[in-house]
$ cat structure34.csv   # CSV, C-alpha atoms
chain,number,residue,atom,x,y,z
K,1,MET,CA,120.1,115.6,71.2
K,2,SER,CA,118.6,113.9,74.3
K,3,THR,CA,116.0,115.7,76.4
K,4,CYS,CA,116.1,115.7,80.2
K,5,ALA,CA,113.0,114.0,81.7
K,6,VAL,CA,114.0,114.3,85.4
K,7,ARG,CA,116.4,116.6,87.1
K,8,LEU,CA,117.3,116.4,90.8
K,9,ASN,CA,119.5,119.2,92.2
K,10,GLN,CA,121.0,119.0,95.7
K,11,LEU,CA,117.9,117.2,97.0
K,12,SER,CA,117.8,116.6,100.7
K,13,LYS,CA,115.3,115.2,103.3
K,14,GLN,CA,115.6,114.5,107.0
K,15,TYR,CA,112.8,112.9,109.0
K,16,PRO,CA,111.8,114.3,112.4
K,17,HIS,CA,113.8,112.8,115.3
K,18,SER,CA,116.4,111.3,112.9
K,19,VAL,CA,120.0,112.3,113.4
K,20,LYS,CA,120.9,111.7,109.8
K,21,ARG,CA,119.4,112.9,106.5
K,22,ALA,CA,117.5,110.2,104.6
K,23,VAL,CA,118.6,111.9,101.3
K,24,ALA,CA,121.7,114.2,101.4
K,25,ASP,CA,122.4,116.6,98.5
K,26,VAL,CA,121.5,114.1,95.7
K,27,SER,CA,121.8,115.4,92.2
K,28,PHE,CA,121.4,113.5,88.9
K,29,GLU,CA,119.6,113.8,85.6
K,30,ILE,CA,117.5,111.2,83.7
K,31,GLU,CA,117.4,111.4,79.9
K,32,GLU,CA,114.0,111.0,78.2
K,33,GLY,CA,113.5,107.4,77.1
K,34,ALA,CA,116.1,106.0,79.5
K,35,VAL,CA,115.6,103.0,81.9
K,36,PHE,CA,117.2,104.4,85.0
K,37,GLY,CA,118.1,102.0,87.8
K,38,LEU,CA,117.9,103.6,91.2
K,39,LEU,CA,119.8,101.1,93.4
K,40,GLY,CA,121.0,101.0,97.0
K,41,PRO,CA,120.8,98.8,100.2
K,42,ASN,CA,117.9,98.9,102.6
K,43,GLY,CA,117.6,102.3,104.1
K,44,ALA,CA,119.7,104.0,101.4
K,45,GLY,CA,117.1,106.6,100.6
K,46,LYS,CA,115.6,105.1,97.5
K,47,SER,CA,112.0,105.2,98.7
K,48,THR,CA,112.3,108.7,100.1
K,49,THR,CA,113.7,109.9,96.7
K,50,VAL,CA,110.9,108.3,94.9
K,51,MET,CA,108.2,109.8,97.2
K,52,MET,CA,109.7,113.2,96.6
K,53,LEU,CA,109.7,112.6,92.8
K,54,CYS,CA,106.0,111.6,92.9
K,55,GLY,CA,105.1,114.7,94.9
K,56,LEU,CA,104.1,112.7,98.0
K,57,MET,CA,106.8,114.2,100.1
K,58,ARG,CA,108.3,117.7,100.1
K,59,PRO,CA,112.1,118.0,100.2
K,60,ASP,CA,113.8,120.1,102.9
K,61,SER,CA,116.0,121.6,100.3
K,62,GLY,CA,117.0,121.3,96.7
K,63,SER,CA,114.8,121.0,93.6
K,64,ILE,CA,113.1,118.5,91.3
K,65,SER,CA,111.9,119.0,87.8
K,66,VAL,CA,109.9,116.5,85.8
K,67,PHE,CA,109.6,117.2,82.0
K,68,GLY,CA,110.5,120.8,82.8
K,69,LEU,CA,107.8,121.2,85.6
K,70,ASP,CA,109.1,122.1,89.1
K,71,MET,CA,108.0,119.9,91.9
K,72,PRO,CA,106.1,120.1,94.2
K,73,GLU,CA,104.6,123.3,92.9
K,74,ASN,CA,103.2,121.6,89.8
K,75,GLY,CA,102.4,118.3,91.5
K,76,VAL,CA,99.0,117.9,89.8
K,77,ASP,CA,100.4,118.4,86.3
K,78,VAL,CA,103.4,116.1,87.0
K,79,ARG,CA,101.2,113.3,88.3
K,80,LYS,CA,99.2,113.3,85.1
K,81,ARG,CA,102.5,112.4,83.3
K,82,VAL,CA,103.7,109.8,85.8
K,83,GLY,CA,102.7,106.3,86.6
K,84,VAL,CA,103.8,104.6,89.8
K,85,ALA,CA,103.8,100.9,90.7
K,86,PRO,CA,104.7,100.7,94.4
K,87,GLN,CA,106.3,97.7,96.0
K,88,GLU,CA,103.2,97.2,98.2
K,89,ILE,CA,100.4,96.0,96.0
K,90,ALA,CA,98.0,99.0,95.6
K,91,LEU,CA,94.9,97.1,94.6
K,92,PHE,CA,91.4,96.6,96.1
K,93,PRO,CA,91.4,92.9,97.0
K,94,MET,CA,87.6,92.5,97.0
K,95,LEU,CA,87.1,94.1,93.5
K,96,THR,CA,87.7,92.3,90.2
K,97,ALA,CA,90.7,93.0,88.0
K,98,TYR,CA,88.5,95.0,85.7
K,99,GLU,CA,86.8,97.0,88.5
K,100,ASN,CA,90.2,97.8,89.9
K,101,LEU,CA,91.6,99.1,86.6
K,102,PHE,CA,88.4,101.0,85.7
K,103,TYR,CA,88.6,102.7,89.1
K,104,PHE,CA,92.2,103.8,88.5
K,105,GLY,CA,91.4,104.9,85.0
K,106,ARG,CA,88.7,107.2,86.4
K,107,MET,CA,91.1,108.4,89.0
K,108,TYR,CA,93.4,109.5,86.2
K,109,GLY,CA,90.5,111.4,84.5
K,110,MET,CA,90.2,109.0,81.6
K,111,GLY,CA,87.0,108.5,79.6
K,112,SER,CA,85.2,105.1,79.6
K,113,SER,CA,86.1,104.2,76.1
K,114,ASP,CA,89.8,105.0,76.5
K,115,ILE,CA,89.9,103.1,79.8
K,116,ASN,CA,88.3,100.0,78.3
K,117,SER,CA,90.6,100.1,75.3
K,118,GLN,CA,93.7,100.3,77.6
K,119,ILE,CA,92.3,97.5,79.9
K,120,LYS,CA,91.7,95.2,76.9
K,121,ARG,CA,95.2,95.9,75.6
K,122,TYR,CA,97.1,95.3,78.8
K,123,LEU,CA,95.1,92.4,80.2
K,124,SER,CA,95.8,90.6,77.0
K,125,GLU,CA,99.4,91.6,76.9
K,126,PHE,CA,100.0,90.4,80.5
K,127,GLY,CA,98.0,87.2,80.2
K,128,LEU,CA,95.2,88.2,82.5
K,129,ASN,CA,92.3,88.6,80.1
K,130,GLU,CA,90.5,85.4,81.3
K,131,LYS,CA,90.8,86.7,84.9
K,132,LYS,CA,89.3,90.2,84.3
K,133,ASN,CA,86.1,89.3,86.2
K,134,LYS,CA,87.8,87.4,89.0
K,135,ILE,CA,88.3,88.9,92.5
K,136,VAL,CA,91.8,90.1,93.0
K,137,ALA,CA,92.0,88.4,96.5
K,138,THR,CA,92.1,85.1,94.6
K,139,PHE,CA,95.1,86.0,92.5
K,140,SER,CA,98.6,84.7,92.8
K,141,GLY,CA,101.4,87.0,93.7
K,142,GLY,CA,102.6,87.2,90.1
K,143,MET,CA,99.1,88.0,88.9
K,144,LYS,CA,98.7,90.8,91.4
K,145,ARG,CA,102.1,92.2,90.5
K,146,ARG,CA,101.2,92.3,86.8
K,147,LEU,CA,97.9,93.9,87.6
K,148,ASN,CA,99.7,96.5,89.8
K,149,LEU,CA,101.9,97.4,86.9
K,150,ILE,CA,98.9,97.7,84.5
K,151,ALA,CA,97.3,100.2,86.9
K,152,ALA,CA,100.3,102.4,86.6
K,153,LEU,CA,100.3,102.3,82.8
K,154,LEU,CA,96.6,102.9,81.9
K,155,HIS,CA,96.8,106.7,81.5
K,156,LYS,CA,99.8,106.4,79.1
K,157,PRO,CA,102.4,108.1,81.4
K,158,LYS,CA,105.6,109.6,80.0
K,159,LEU,CA,107.4,108.5,83.1
K,160,VAL,CA,106.9,105.2,84.9
K,161,ILE,CA,108.3,104.7,88.4
K,162,LEU,CA,108.7,101.0,89.5
K,163,ASP,CA,109.6,99.9,93.0
K,164,GLU,CA,110.5,96.2,93.1
K,165,PRO,CA,108.2,95.4,90.2
K,166,THR,CA,109.1,91.7,90.2
K,167,ALA,CA,109.1,91.1,94.0
K,168,GLY,CA,107.5,87.7,94.9
K,169,VAL,CA,106.8,86.6,91.3
K,170,ASP,CA,107.7,83.4,89.5
K,171,VAL,CA,110.3,83.1,86.7
K,172,GLN,CA,107.7,83.3,84.0
K,173,SER,CA,106.0,86.4,85.4
K,174,ARG,CA,109.4,88.0,85.9
K,175,ASN,CA,110.4,87.3,82.3
K,176,MET,CA,107.1,88.7,81.0
K,177,ILE,CA,107.4,91.9,83.0
K,178,LEU,CA,111.0,92.5,82.1
K,179,GLY,CA,110.3,91.8,78.4
K,180,PHE,CA,107.4,94.3,78.5
K,181,LEU,CA,109.6,97.0,80.1
K,182,GLU,CA,112.2,96.6,77.4
K,183,SER,CA,109.5,97.1,74.7
K,184,LEU,CA,108.0,100.0,76.6
K,185,THR,CA,111.1,102.1,76.1
K,186,ASN,CA,110.7,101.7,72.3
K,187,GLU,CA,107.6,103.9,72.7
K,188,GLY,CA,109.7,106.6,74.3
K,189,THR,CA,108.6,106.0,77.9
K,190,THR,CA,111.1,106.9,80.6
K,191,ILE,CA,111.4,104.3,83.4
K,192,ILE,CA,112.8,104.7,86.9
K,193,TYR,CA,113.5,101.2,88.2
K,194,SER,CA,114.3,100.4,91.8
K,195,SER,CA,115.1,96.9,92.7
K,196,HIS,CA,117.4,94.6,94.9
K,197,ILE,CA,117.7,92.2,92.0
K,198,LEU,CA,120.8,93.5,90.4
K,199,GLU,CA,120.9,91.1,87.4
K,200,GLU,CA,117.6,92.5,86.4
K,201,ALA,CA,119.0,96.1,86.5
K,202,GLU,CA,122.0,94.9,84.6
K,203,ARG,CA,119.7,93.5,81.9
K,204,ILE,CA,117.2,96.3,81.3
K,205,CYS,CA,118.8,99.6,82.7
K,206,SER,CA,120.5,101.9,80.3
K,207,HIS,CA,121.6,104.2,83.2
K,208,LEU,CA,122.2,103.6,86.9
K,209,ALA,CA,122.6,105.5,90.1
K,210,ILE,CA,123.8,103.8,93.4
K,211,ILE,CA,123.0,105.6,96.6
K,212,ASP,CA,123.9,104.6,100.2
K,213,GLU,CA,123.1,106.4,103.5
K,214,GLY,CA,121.3,109.0,101.5
K,215,LYS,CA,124.3,110.0,99.4
K,216,LEU,CA,124.9,109.4,95.7
K,217,ILE,CA,127.9,107.1,95.3
K,218,THR,CA,128.0,106.8,91.5
K,219,THR,CA,125.9,107.5,88.4
K,220,GLY,CA,126.3,107.0,84.7
K,221,THR,CA,125.4,104.7,81.9
K,222,ARG,CA,125.4,101.0,82.7
K,223,ALA,CA,128.3,100.5,80.2
K,224,SER,CA,130.4,103.3,81.8
K,225,ILE,CA,129.9,102.1,85.3
K,226,LEU,CA,130.9,98.5,84.3
K,227,ALA,CA,133.9,99.9,82.5
K,228,ASP,CA,135.0,102.0,85.5
K,229,HIS,CA,135.1,98.9,87.7
K,230,ASN,CA,136.6,96.3,85.3
K,231,ASP,CA,138.0,94.4,88.3
K,232,CYS,CA,134.3,93.3,88.9
K,233,LYS,CA,132.6,90.7,86.8
K,234,ASN,CA,129.1,92.2,87.1
K,235,LEU,CA,126.9,94.8,88.6
K,236,GLU,CA,126.4,92.9,91.9
K,237,GLN,CA,130.1,92.8,92.5
K,238,ILE,CA,130.3,96.6,91.8
K,239,PHE,CA,127.4,97.2,94.2
K,240,LEU,CA,129.1,95.2,97.0
K,241,LYS,CA,132.4,97.0,96.3
K,242,LEU,CA,130.8,100.4,96.7
K,243,THR,CA,128.3,99.8,99.5
K,244,GLY,CA,130.1,97.1,101.5
K,245,LYS,CA,129.0,93.6,102.5
K,246,ASN,CA,127.5,94.4,105.9
K,247,ILE,CA,123.9,93.2,106.3
K,248,ARG,CA,121.3,96.0,106.2
K,249,ASP,CA,118.0,95.8,108.1
$ encode --input "structure34.csv" --output "structure tokens"
Amino acid sequence: MSTCAVRLNQLSKQYPHSVKRAVADVSFEIEEGAVFGLLGPNGAGKSTTVMMLCGLMRPDSGSISVFGLDMPENGVDVRKRVGVAPQEIALFPMLTAYENLFYFGRMYGMGSSDINSQIKRYLSEFGLNEKKNKIVATFSGGMKRRLNLIAALLHKPKLVILDEPTAGVDVQSRNMILGFLESLTNEGTTIIYSSHILEEAERICSHLAIIDEGKLITTGTRASILADHNDCKNLEQIFLKLTGKNIRD
């Protein structure tokens, strides 16, 4: 029997001076060990949902639980179990790769030996071991993106939230990142994956939710959503069918 890792119930958020809610009565559950694709056009409410999940923003109404802990009341305990790799690179450019990761490990309350063990593991796994003493400002976009992901994984989180984890990277880095995420689920890690690259979502996500204008349009397993729209050849066609073809800014 599957265990619920994340539960959103009637979650809503409206920003000051906005006439519409950024998130409007959104409810869904994420099974432990799932790769859950949170998809939607620009301005759909994905980032707002993620910020509420992380405890960085308080909802106006509704509830969130992460591994049975209510947010935001248990925000400190939840954050110990969650790793977040934001779309904007969250690294110190004038520190080395090692210094960045050691800093984040300390921030998570890890001991030095555990930090160094995790740094060694992930720098090797992501092909960055020879760059560990190089200043991050000198890194390519793909290298920064990989290091950004490592920073979210150091403390062995049970839930990893990824916002555009392959943005601006080359084909080789993208393949490495996606392959690693596929292997990470074998360790029982739950992943929330937000991206505009729908072929990636179709490759790695076991479950999907599509939101638009703050509202949940559809959710389910990848297989069930593809089956429900058998007039479409792939996830991108389903996405356009449900959200329209108008350009979003």
$ closest_atom_pairs --input "structure34.csv" --of "segment 81-192 of chain K" --to "segment 62-66 of chain K" --cutoff "12 Å" --atoms "all atoms listed in the file" --output "Markdown table"
| residue | atom | partner | partner_atom | distance |
| --- | --- | --- | --- | --- |
| K:Arg81 | CA | K:Val66 | CA | 8.8 |
| K:Val82 | CA | K:Val66 | CA | 9.1 |
| K:Lys158 | CA | K:Val66 | CA | 10.0 |
| K:Leu159 | CA | K:Val66 | CA | 8.8 |
| K:Val160 | CA | K:Val66 | CA | 11.7 |
| K:Thr190 | CA | K:Val66 | CA | 11.0 |
$ atom_distance --input "structure34.csv" --atom1 "atom CA of Asp25 of chain K" --atom2 "atom CA of Leu38 of chain K"
15.6 Å
$ residues_around --input "structure34.csv" --residues "Leu69 of chain K" --least-positions-apart "6" --cutoff "12 Å" --atoms "all atoms listed in the file" --output "VMD selection string"
chain K and resid 4 to 8 53 55 63 75 to 81
$ residues_around --input "structure34.csv" --residues "Thr185 of chain K" --least-positions-apart "6" --cutoff "10 Å" --atoms "only C-alpha atoms" --output "JSON, numbers by chain"
{"K": [32, 33, 34, 35, 191, 204]}
$ closest_residue --input "structure34.csv" --among "K:Leu147, K:Met57, K:Ala24, K:Ala137" --to "Asn9 of chain K" --atoms "only C-alpha atoms"
K:Ala24
$ residues_around --input "structure34.csv" --residues "segment 214-231 of chain K" --least-positions-apart "5" --cutoff "9 Å" --atoms "only C-alpha atoms" --output "PDB file with C-alpha atoms, in the frame of the given file"
ATOM      1  CA  SER K  12     117.800 116.600 100.700  1.00  0.00           C
ATOM      2  CA  LYS K  13     115.300 115.200 103.300  1.00  0.00           C
ATOM      3  CA  LYS K  20     120.900 111.700 109.800  1.00  0.00           C
ATOM      4  CA  ARG K  21     119.400 112.900 106.500  1.00  0.00           C
ATOM      5  CA  ALA K  22     117.500 110.200 104.600  1.00  0.00           C
ATOM      6  CA  VAL K  23     118.600 111.900 101.300  1.00  0.00           C
ATOM      7  CA  ALA K  24     121.700 114.200 101.400  1.00  0.00           C
ATOM      8  CA  ASP K  25     122.400 116.600  98.500  1.00  0.00           C
ATOM      9  CA  VAL K  26     121.500 114.100  95.700  1.00  0.00           C
ATOM     10  CA  SER K  27     121.800 115.400  92.200  1.00  0.00           C
ATOM     11  CA  PHE K  28     121.400 113.500  88.900  1.00  0.00           C
ATOM     12  CA  PHE K  36     117.200 104.400  85.000  1.00  0.00           C
ATOM     13  CA  GLY K  37     118.100 102.000  87.800  1.00  0.00           C
ATOM     14  CA  GLY K  43     117.600 102.300 104.100  1.00  0.00           C
ATOM     15  CA  ALA K  44     119.700 104.000 101.400  1.00  0.00           C
ATOM     16  CA  GLY K  45     117.100 106.600 100.600  1.00  0.00           C
ATOM     17  CA  LYS K  46     115.600 105.100  97.500  1.00  0.00           C
ATOM     18  CA  ALA K 201     119.000  96.100  86.500  1.00  0.00           C
ATOM     19  CA  GLU K 202     122.000  94.900  84.600  1.00  0.00           C
ATOM     20  CA  CYS K 205     118.800  99.600  82.700  1.00  0.00           C
ATOM     21  CA  SER K 206     120.500 101.900  80.300  1.00  0.00           C
ATOM     22  CA  HIS K 207     121.600 104.200  83.200  1.00  0.00           C
ATOM     23  CA  LEU K 208     122.200 103.600  86.900  1.00  0.00           C
ATOM     24  CA  ALA K 209     122.600 105.500  90.100  1.00  0.00           C
ATOM     25  CA  ILE K 238     130.300  96.600  91.800  1.00  0.00           C
ATOM     26  CA  LEU K 242     130.800 100.400  96.700  1.00  0.00           C
ATOM     27  CA  THR K 243     128.300  99.800  99.500  1.00  0.00           C
TER      28      THR K 243
END
$ closest_residue --input "structure34.csv" --among "K:Asp170, K:Arg145, K:Thr138, K:Pro41" --to "Glu236 of chain K" --atoms "all atoms listed in the file"
K:Pro41
$ residues_around --input "structure34.csv" --residues "Gly105 of chain K" --least-positions-apart "5" --cutoff "10 Å" --atoms "all atoms listed in the file" --output "NGL selection string"
:K and (99-100 or 110-112 or 114-116 or 118-119 or 151-155)
$ atom_distance --input "structure34.csv" --atom1 "atom CA of Ala97 of chain K" --atom2 "atom CA of Phe180 of chain K"
19.3 Å
$ atom_distance --input "structure34.csv" --atom1 "atom CA of Gly83 of chain K" --atom2 "atom CA of Gly109 of chain K"
13.4 Å
